Structure formats: C-alpha cells, structure tokens
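Colleague: Can you read through this structure? Questions will come right after.
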Amino acid sequence: MKNLSRLPFKDESDPIFSLPDSTEVTEWDSLLWQGWHSFTGGKQPGWMRQSILHSWQRSRALNIDPETFSYISPSPDELAAILEQNAEMIQVARSIMENLLAYNPDGHINLTDADGVTLYYCGADLTPVGSILREEVLGTNCTARCLIEQRLVYVLSGENWKLDLRRRHRQCAAAPVRDKNGKLAGVLTLTATPDKFNTHTLGTVQAAAETIGQQLQLRHLLAEQQSILETLNEGVIVCDRHGSIKTLNRYARQIFCGLDPEAGSIDALLRPQDVSLLSLPFCNDRELLFMPGGKEPVSCLVSLMPAPDGGRVLSLRENQRIRAITRRVMGVSASYTFDMIRGYSLPLQQAIQQARASSRTDSTVLLTGESGTGKELFAQAIHNAGPRQQEPFVALNCGALPRDLVQSELFGYADGAFTGSRRGGSAGKFELADGGTLFLDEIGEMPLEAQTSLLRVIQESEVVRIGAAHPLKVNVRIIVATHCNLSDAVEKGAFRRDLYYRLNVVSLNIPPLRERREDIPGLVNTFIQALCNRLKRIAPAVSPQAMACLQAWQWPGNVRELENLVERMVNLCEGMKISQQDLPEEMRQGDPVAQPASGQASLHEKERQHVLEVLSANKGNMRQSARLLGISRTALYNKLNQWQVDLIALRKNMRSPV
C-alpha cells in the first residue's frame with residue numbers, strides 16, 4: 001500500500017499532476033472509495049483533491065441522495081426551445097465531436113448549454129439529450145464542475161457523487177465552450193474507459209472546446225460581415241483569381257436578376273462590354289455596360305479593388321438608380337396641374353381641353369405661343385395628368401445653352417469624351433428623364449447638328465453619349481415649346497423639316513393674355529393673394545380704375561409680365577387699395593384704342609347685377625347658382641373675386657330681416 005500522503009491526487013492546475021495508468025486504476029479506485037467512506041464517516045481525507053471535497057460538501061448540503069440515480073429533463077416544449085436557441089452551437093460542435101470520438105471509439109462525448117442541459121451526444125449511449133447535469137441535480141460530476149469553475153477539469157470515476165456513476169468505471173474530462181464575448185456558452189465533456197484516459201485526453205478536449213468557440217466567433221463575424229454587405233446601397237461581388245464568384249450581396253443579385261454564381265466565371269456571366277474584369281486595372285467609379293446573356297443590358301458605375309487571395313472585389317451602382325437619386329436631389333418633378341391654370345376665357349379653355357386630351361397618350365406635343373404665356377405650365381400639367389405622373393419631369397431650355405453644350409446636356413458624354421469632361425462621364429437629360437417626360441423649351445433655338453441627334457433619339461428610342469460607341473435604350477415622352485414659327489424656320493433652312501414633322505404630332509397654341517382680357521382680374525387677385533401670403537400682409541384691393549388700365553394694356557410679356565407688375569404694385573402700395581397711381585406711367589395713360597367702350601362697361605355691370613340677383617334668389621347657394629348661370633362653381637367664385645364681392649357679407653345680408 002502506497003503512502004497516502006504521497007499519492008498524486010493533484011488538481012488540474014498543478015503542473016505535476018498525473019492520471020492513473022492501466023496498472024494503477026484499481027489501486028486508485030480503492031483509495032478513492034476509502035476517501036468516500038472517510039468523508040461519509042465525518043472525516044476529511046487529506047489525500048483527496050480539495051475541489052472534489054468542496055463539491056461533495058455542496059452535494060451533501062443539497063441533500064442529494066447518492067444511492068438513487070435518474071436523469072431529469074425539462075418539459076418537451078422547454079427542451080425544444082433550448083435546442084432551437086442553441087442550434088448554431090450544436091451544428092458547429094457536431095462534426096468536431098465526431099472527429100474527437102474517432103480517437104476514443106468506446107467513449108461518450110456530450111455537449112451541454114450554459115445551464116447544464118445536454119444538447120447533443122455521440123458515442124456510447126450514456127447521457128440522453130435533455131439530461132440536466134448541474135451539481136444541484138446530480139451532485140458532483142465532471143460537467144457540473146466545469147460549469148461552476150469554468151475551466152478545464154477532470155473527474156475520476158471514484159470522485160462522482162452518485163454511486164451509479166462510480167460503478168460505470170469511466171473517467172471524464174470537460175472544457176468550457178465560450179461565445180464571441182468570452183462568456184460561457186456550454187460545456188464539452190468526454191467520458192472514456194480508464195485505459196483510454198490520460199493527460200493528453202484533457203488537452204484534446206480543451207482543444208476541441210476552443211475550436212467550437214472559435215467557429216462560433218468566426219460564424220458571428222461572417223454573419224456580421226454578410227449583414228453589412230446586404231445593407232450596402234451598392235452591389236458587391238467577390239471572385240477568386242480564376243474568376244469564380246465567391247460572394248455576392250442582395251443588391252448585386254437584384255441588378256443581375258437570376259445570376260447563378262456556379263454557372264461560370266465572372267466575365268462569362270456578366271459579359272462586360274469591351275473589357276475583362278479579371279484584367280481590368282483597379283479603378284473607382286468607372287462606367288461599364290454589362291450584357292448578361294438573355295437579359296437587358298445594365299449600365300453601372302464600377303469600382304474594382306484587389307482581394308487578399310489574389311481575386312477581385314467588384315462594387316457596382318446601377319446608373320438607373322443613380323439617375324433616380326440625382327433626379328430627387330435636383331428636384332426634377334412637375335408641380336403644376338390643370339386646376340392651377342387660372343382663367344375662364346374661351347381661348348384658354350379650348351387650349352386646356354386639347355391639352356387634357358393629349359395627356360392621355362405618349363404622343364409628342366408641340367406647344368406654341370408668345371413668351372410668358374405659360375407653355376412650361378401647360379407641359380407640367382400634361383405630364384401630371386398622364387400615366388407618367390409618378391416619373392421624372394426634366395426641363396431644358398435649348399436657347400439658354402451655348403451651342404457646343406446642347407448635345408452634351410441632352411445626350412450626355414462618356415469618360416474622356418473631350419477635354420474638361422467629368423471623370424466617369426455624365427448622363428444627359430434624356431437619361432435623367434428615362435421613364436418620364438422631357439420638356440425642351442425654345443426648341444427653335446436648337447443647333448442643326450443637335451437636331452439630327454434628337455431626330456434619331458425620337459425615332460429609335462435610344463441615346464448615344466458623346467464619345468460612346470454603344471447606344472442606351474430610353475423611354476421618354478417629349479414635349480417641346482417654342483415662341484417662333486417653326487414652319488417659317490423650316491422654309492429658311494434653320495430647322496430640319498423631318499424633325500418638325502416628328503415634333504408636330506399634337507400642336508397646341510397657348511393664347512396671349514391680350515386675347516383673354518376677361519381673365520386678367522382673376523389673375524391679378526390670385527397673384528396678389530399668393531404674394532401677400534408669402535409676405536405675411538393683408539392683401540390690398542384693386543380699384544376699378546386701376547383694373548380698367550390693366551385690362552386695357554397690350555401685355556407684350558403676357559402672364560409673366562402681369563405677375564411681375566403685380567409684385568411691383570403690392571410693394572409700392574401704401575394703403576389697402578391699389579390705385580392708378582401705383583401703375584407705371586405708360587399704363588396710366590392707357591391706349592384709347594384698347595380702352596373698353598362704355599357699352600362694354602355697361603355689359604359687365606349688367607352681368608354683375610344678374611349674377612348677384614341669381615345668388616340672392618338662391619340664398620347664396622353657390623352650386624345651385626352656378627348651375628342656373630351655366631358656369632362652373634369655380635368660375636362663379638372667380639367672378640365674385642373679380643367684382644370684389646364679399647360672399648360672407650352677402651349671405652349675411654340675405655338672412656337679415658327687411
């Protein structure tokens with residue numbers, strides 16, 4: 001019999017600890033039984049490990065019966081939730097545990113969560129899934145020790161609290177599995193026969209547990225990286241040095257719908273025009289056209305960077321989406337509608353009726369009329385009343401650009417197209433208006449060379465950037481406007497005849513203000529009210545004499561001139577009424593030819609009197625009165641505003657007793 005004080009029952013942290021070999025197992029087991037009987041007899045056996053004695057003391061304090069043995073498990077629903085919560089750790093650990101079992105084929109390996117619930121096992125059928133191995137349930141055991149001490153531990157068969165576990169004659173080693181934050185996520189425990197259990201077994205178990213933890217951390221990092229890739233607002237494709245696609249994110253899959261990364265190399269799948277992505281120099285924001293088989297061409301801004309393994313990282317931003325963002329930033333949208341066009345004269349109403357009819361199709365519209373009549377307002381109203389109302393409305397004044405810039409503004413230019421061009425090229429107005437409406441104002445001022453390119457775009461529905469070799473498909477409705485006579489320009493050779501016929505599909509003439517003088521009072525009051533709302537002041541009234549002067553003026557600048565004059569009158573007026581003195585001198589003098597005759601003034605007065613009588617008869621009911629007068633309710637409101645009739649006061653007087 002060995003001297004008990006010299007027996008090597010050392011703790012795992014002791015650098016000289018050892019485990020029994022096959023010839024010492026029986027002797028060690030006998031000594032451990034002696035220690036057990038000494039402990040249960042009320043003594044403290046000095047040759048026992050202190051960590052085991054402390055565990056025995058806790059087990060006894062918990063009143064755990066060493067004579068009885070059965071595994072306790074959570075309810076089926078609770079166990080299902082625990083397994084689902086730890087599914088990733090189980091998936092990672094399964095292959096590692098099975099590889100570990102290859103070195104100990106008669107052994108048993110089990111994985112528990114941080115609460116000691118068995119999640120998975122392989123090898124000998126010793127610990128069922130769901131078994132709770134905590135110390136307060138089973139007393140001293142290897143998994144319980146690891147849960148408490150959170151380090152590599154071993155327990156010999158004679159050190160278990162439950163006698164049935166002792167009688168298995170198996171030795172155990174357990175190591176903690178830690179998550180990405182270093183916290184205990186679970187415990188990996190190996191149970192082996194004494195002849196297969198030694199100090200190397202402990203190192204193997206610890207290495208396996210650390211591998212599981214590292215795999216969990218790696219998975220977390222990969223998931224985090226993938227989440228970042230998926231939330232990027234650009235497509236990302238990673239390929240190896242041979243062109244095989246390794247990774248692509250959601251945006252890239254969206255750009256190249258139906259792309260199968262396994263179907264070939266990146267060049268064969270994306271088919272970039274005129275270049276190879278594997279030989280292309282690293283770059284930022286280079287514009288490339290991709291022509292994937294069986295799909296529409298895709299134009300993208302591309303950045304290319306090296307990958308650590310010699311491959312390439314490709315980031316892509318679709319030009320169509322970039323243009324949509326550009327349109328939002330530029331505010332390329334139409335704000336006017338037909339309801340915002342003021343006036344009820346017959347010429348204007350006829351123009352509005354024709355414009356409404358043209359809005360229902362995608363036909364090209366030619367708007368003619370003098371400067372200031374509101375041609376762009378009509379263009380916006382046509383766009384907003386049509387099927388493209390949710391798409392962009394892009395306007396370009398052809399007469400406001402230098403001749404050599406018209407084509408680049410309209411059609412855009414490729415990278416390096418000319419000296420001073422923006423790196424990466426630039427989209428033209430046609431590309432920005434793709435899907436919507438392009439309004440070309442002062443089309444008569446367009447240079448002949450640009451007219452040729454415009455004709456091709458209208459005929460082929462495709463645009464070629466300056467310096468580019470290949471066209472881009474565009475879907476644009478075109479509305480043009482001019483103040484000059486295009487047919488005369490055609491005869492003089494200043495405008496292409498074939499382009500004129502392509503543009504003159506639906507022709508609308510916007511009447512000048514002098515041909516709809518009856519609309520002037522309503523326009524004046526509308527402009528005054530809008531301006532005073534901005535200035536936060538009370539709107540002044542217009543005297544009859546001043547209004548007569550306004551109606552007598554010829555208005556060479558049309559509505560734009562009237563609006564500017566109203567702003568001047570409001571700013572110069574010091575009282576609550578705009579008089580003749582607030583008008584320009586030439587307007588105060590008037591034009592005898594243009595002054596309304598006394599009979600005409602009398603006719604207006606008779607109209608006013610008749611309208612008020614109808615209103616009085618209907619007790620101020622605007623809908624009924626408008627129906628009887630044969631006009632719209634809006635027209636009736638405008639007439640009352642023109643005559644400066646206070647409708648509220650009028651209705652109040654109707655209710656007053658005579």
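By order of appearance in the structure tokens: chains A, B, ..., then residues from 1 within every chain, and ligands from 1 in the order shown.
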Using the chain letters and numbers from this document, which residues of region 121-312 of chain A does DSSP assign to strand (DSSP E or B), as a ChimeraX atom specification?
Modeller: /A:121-123,132,153-155,171-178,184-192,235-239,244-248,265,272,283-290,298-306,312
Colleague: Would you please extract all helix (DSSP H, G or I) residues from region 68-302 of chain A, as assigned by DSSP on the backbone, and give them as a PyMOL selection string?
Modeller: chain A and resi 76-85+87-101+135-138+142-149+157-159+163-167+194-196+199-231+250-255+261-263+266-270
Colleague: Residues near Asp65 (chain A), anyone? I mean within 10 Å using only C-alpha atoms, not counting same-chain ones fewer than 6 positions away, as a ChimeraX atom specification.
Modeller: /A:59,137-139,161-163
Colleague: Filtering to C-alpha atoms, could you give me those residues as a PDB file, in the first residue's frame?
Modeller:
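The resulting file, part.pdb, is reproduced below:
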ATOM      1  CA  SER A  59     -23.820  17.911  -2.729  1.00  0.00           C
ATOM      2  CA  VAL A 137     -29.398  17.899  -9.652  1.00  0.00           C
ATOM      3  CA  LEU A 138     -26.749  15.149  -9.905  1.00  0.00           C
ATOM      4  CA  GLY A 139     -24.225  16.184  -7.301  1.00  0.00           C
ATOM      5  CA  TRP A 161     -21.278  11.752  -6.022  1.00  0.00           C
ATOM      6  CA  LYS A 162     -23.811   9.322  -7.468  1.00  0.00           C
ATOM      7  CA  LEU A 163     -22.816   5.710  -6.824  1.00  0.00           C
TER       8      LEU A 163
END
Colleague: If I take CA of Ile510 (chain A) and CA of Ser359 (chain A), how far is one from the other in Å, to one decimal?
Modeller: 15.6 Å
Colleague: Let me make sure I understand: among A:Leu79, A:Glu24, A:Asp441, A:Ser315, which one has the smallest atom-to-atom distance to Leu377 (chain A) if we use only C-alpha atoms?
Modeller: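 Smallest distance to Leu377 (chain A) is found for A:Asp441.
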Colleague: Can you pull out every residue within 10 Å of region 155-158 of chain A, counting only C-alpha atoms, but drop anything in the same chain fewer than 6 positions away, and send it as a VMD selection string?
Modeller: chain A and resid 12 19 to 20 25 28 to 36 52 140 to 143 145 164 to 174 191 193 to 194 197
Colleague: Show which residues sit within 6 Å of region 99-116 of chain A, as an mmCIF file with C-alpha atoms, in the first residue's frame. Count only C-alpha atoms, and ignore same-chain residues fewer than 6 positions away.
Modeller:
data_model
loop_
_atom_site.group_PDB
_atom_site.id
_atom_site.type_symbol
_atom_site.label_atom_id
_atom_site.label_comp_id
_atom_site.auth_asym_id
_atom_site.auth_seq_id
_atom_site.Cartn_x
_atom_site.Cartn_y
_atom_site.Cartn_z
ATOM 1 C CA CYS A 122 -22.214 10.911 -29.763
ATOM 2 C CA GLY A 123 -20.610 7.571 -28.963
ATOM 3 C CA ALA A 124 -21.810 5.341 -26.105
ATOM 4 C CA ILE A 132 -29.649 18.173 -16.682
ATOM 5 C CA LEU A 133 -26.101 17.678 -15.344
ATOM 6 C CA ARG A 134 -25.897 20.557 -12.889
ATOM 7 C CA ALA A 185 -21.884 29.166 -23.803
ATOM 8 C CA GLY A 186 -21.669 25.470 -22.954
ATOM 9 C CA VAL A 187 -19.508 22.565 -21.822
ATOM 10 C CA LEU A 188 -17.898 19.773 -23.850
ATOM 11 C CA THR A 189 -17.389 16.562 -21.822
ATOM 12 C CA LEU A 190 -15.534 13.400 -22.815
ATOM 13 C CA THR A 191 -16.204 10.146 -20.911
ATOM 14 C CA ALA A 192 -13.714 7.320 -21.522
#
Colleague: Which value, in Å to one decimal, gives the distance between CA of Ala144 (chain A) and CA of Ser51 (chain A)?
Modeller: 12.0 Å
Colleague: Using only C-alpha atoms, can you tell me which of A:Thr26, A:Thr373, A:Gln206, A:Asn198 comes closest to Pro176 (chain A)?
Modeller: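 Smallest distance to Pro176 (chain A) is found for A:Gln206.
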Colleague: Give the answer as one residue: which of A:Val92, A:Ala546, A:Ala175, A:Leu277 has the shortest atom-to-atom distance to Gln217 (chain A), using only C-alpha atoms?
Modeller: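 Checking each of A:Val92, A:Ala546, A:Ala175, A:Leu277 against Gln217 (chain A), counting only C-alpha atoms, the winner is A:Val92.
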Colleague: I'd like the contact shell of Thr337 (chain A) - 10 Å cut-off, only C-alpha atoms, skipping same-chain residues fewer than 5 positions apart - returned as a list in words.
Modeller: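 Listed by chain and then number, they are Leu377, Phe378, Ala379, Gln380, Ala381, Ile382, His383, Asn384 and Ala385 of chain A.
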Colleague: At a cut-off of 6 Å, using only C-alpha atoms, what residues contact Val463 (chain A)? Leave out same-chain residues fewer than 6 positions from it and give the result as a PyMOL selection string.
Modeller: chain A and resi 457+471-472
Colleague: Ranking A:Ile237, A:Met622, A:Ala539, A:Met446 by minimum distance to Leu499 (chain A) and counting only C-alpha atoms, which one comes first?
Modeller: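 Ranking A:Ile237, A:Met622, A:Ala539, A:Met446 by distance to Leu499 (chain A), first place goes to A:Met446.
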